[in-house]
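K.L.:
The structure's right below; bear with me while I get my questions together.
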Amino acid sequence: MSELHCPKATRLVSDAQDRELSAPERELLQSHMTICPPCARFDEQLRMIRAFVKRWRERA
Amino acid sequence: MHDNVDQSVAEFGELEGHRAYLLKVAQLQLKQPSLAEDVVQDTLEAALRSRHTFRGNASRRTWLTGILRHKLADAFRLQRRHAAPLTALTVPEHLRSVDASFGPDGAWSRPPLHWDVPEDAQLQTEFLEVLQDCLGNLPPLIARAFVLREVMELETAEISEDLSVTANHLGVLMYRARMLLRTCIETQWLDEGSGA
């Protein structure tokens, strides 16, 4: 199985916010995130940014 | 007759109630405050003229946001005609921080930290201010892409059309926007000593 590096993994994390990843992409990303806490944290941060933008929009 | 006038006044009042929100959204994309105000004014006037087309199956704000989207696109088209083109395809200096996020081996040079988002309402407001500030610091084209997607909630195909970019290029813009935002938020938030 080909390996995923952090730059590509983070790009996929970003893409996942805009489109549905293919099954192989999802699998690659999942296995990368289990061994890479920083990328998992990046995913967590993007979800937080989205949630906070939503909150900002509701308050504005 | 009297009733019609009353109704128009009431409708105008309701539209006016959305001005502040529309202005904030416009200001995230247009650096020039007077231009953002003009665009919002145009949006509200257009909304008033076409108020009979409002169907009520979307919220009034969503409907207005759709009109704002087109007015913003017009404003950018006009700007492009009179100004130097946006350097959409090059990587200017301020974007290098995205590339600097990783070392030559592809590993994070400064791994993302856990954000301890405050429960406290006051600190949450400060966090939102940091977010807004960071949004305002994004380069223009990247800010536009991000705002169209995350604030105005458009689908990627619509955004590609508005920005005249391919789906793949939009993916790059969104990626850069998110990388820059997260770095900015982390730096500012930690600098303030609130999230460490």
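Every chain in the structure tokens takes a letter, A first, then B, and so on in the order presented; its residues are numbered from 1, and the ligands are numbered from 1 following the presented order.
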Taking a cut-off of 10 Å and counting only C-alpha atoms, can you build a table that, for each residue of chain A near chain B, reports the nearest atom pair and how far apart they are in Å (one decimal), sorted by chain then residue number, as a Markdown table?

P.N.:
| residue | atom | partner | partner_atom | distance |
| --- | --- | --- | --- | --- |
| A:Leu4 | CA | B:Gly106 | CA | 9.7 |
| A:His5 | CA | B:Gly106 | CA | 6.0 |
| A:Cys6 | CA | B:Gly106 | CA | 5.9 |
| A:Pro7 | CA | B:Gly106 | CA | 6.3 |
| A:Lys8 | CA | B:Gly106 | CA | 8.9 |
| A:Thr10 | CA | B:Tyr175 | CA | 8.1 |
| A:Arg11 | CA | B:Tyr175 | CA | 6.1 |
| A:Leu12 | CA | B:Tyr175 | CA | 8.9 |
| A:Val13 | CA | B:Tyr175 | CA | 8.8 |
| A:Ser14 | CA | B:Tyr175 | CA | 5.6 |
| A:Asp15 | CA | B:Gly171 | CA | 6.5 |
| A:Gln17 | CA | B:Met174 | CA | 9.4 |
| A:Asp18 | CA | B:Thr156 | CA | 6.9 |
| A:Arg19 | CA | B:Thr156 | CA | 8.4 |
| A:Cys36 | CA | B:Ala107 | CA | 9.8 |
| A:Pro37 | CA | B:Pro111 | CA | 8.8 |
| A:Pro38 | CA | B:Pro111 | CA | 5.4 |
| A:Cys39 | CA | B:Pro112 | CA | 7.8 |
| A:Ala40 | CA | B:Pro112 | CA | 9.2 |
| A:Arg41 | CA | B:Pro112 | CA | 6.3 |
| A:Phe42 | CA | B:Pro112 | CA | 6.2 |
| A:Asp43 | CA | B:Pro112 | CA | 9.9 |
| A:Glu44 | CA | B:His114 | CA | 8.5 |
| A:Gln45 | CA | B:Arg182 | CA | 7.0 |
| A:Leu46 | CA | B:Arg178 | CA | 7.0 |
| A:Met48 | CA | B:Trp115 | CA | 8.9 |
| A:Ile49 | CA | B:Arg182 | CA | 7.9 |
| A:Arg50 | CA | B:Glu150 | CA | 6.8 |
| A:Ala51 | CA | B:Glu150 | CA | 9.7 |
| A:Phe52 | CA | B:Leu128 | CA | 7.0 |
| A:Val53 | CA | B:Val151 | CA | 6.6 |
| A:Lys54 | CA | B:Val151 | CA | 7.2 |
| A:Arg55 | CA | B:Leu128 | CA | 8.4 |
| A:Trp56 | CA | B:Leu128 | CA | 6.6 |
| A:Arg57 | CA | B:Val151 | CA | 6.8 |
| A:Glu58 | CA | B:Tyr21 | CA | 9.4 |
| A:Arg59 | CA | B:Tyr21 | CA | 9.0 |
| A:Ala60 | CA | B:Tyr21 | CA | 5.4 |

K.L.:
Just give me the gap between CA of Ser109 in chain B and CA of Glu27 in chain A in Å, one decimal is fine.

P.N.:
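That distance, rounded to one decimal, is 25.0 Å.
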
K.L.:
Quick one: residues within 8 Å of Val39 in chain B, only C-alpha atoms, excluding same-chain residues fewer than 3 positions away - as a list in words?

P.N.:
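Those residues are Ala26, Leu35, Ala36, Asp42, Thr43, Leu68, Lys71, Leu72 and Ala75 of chain B.
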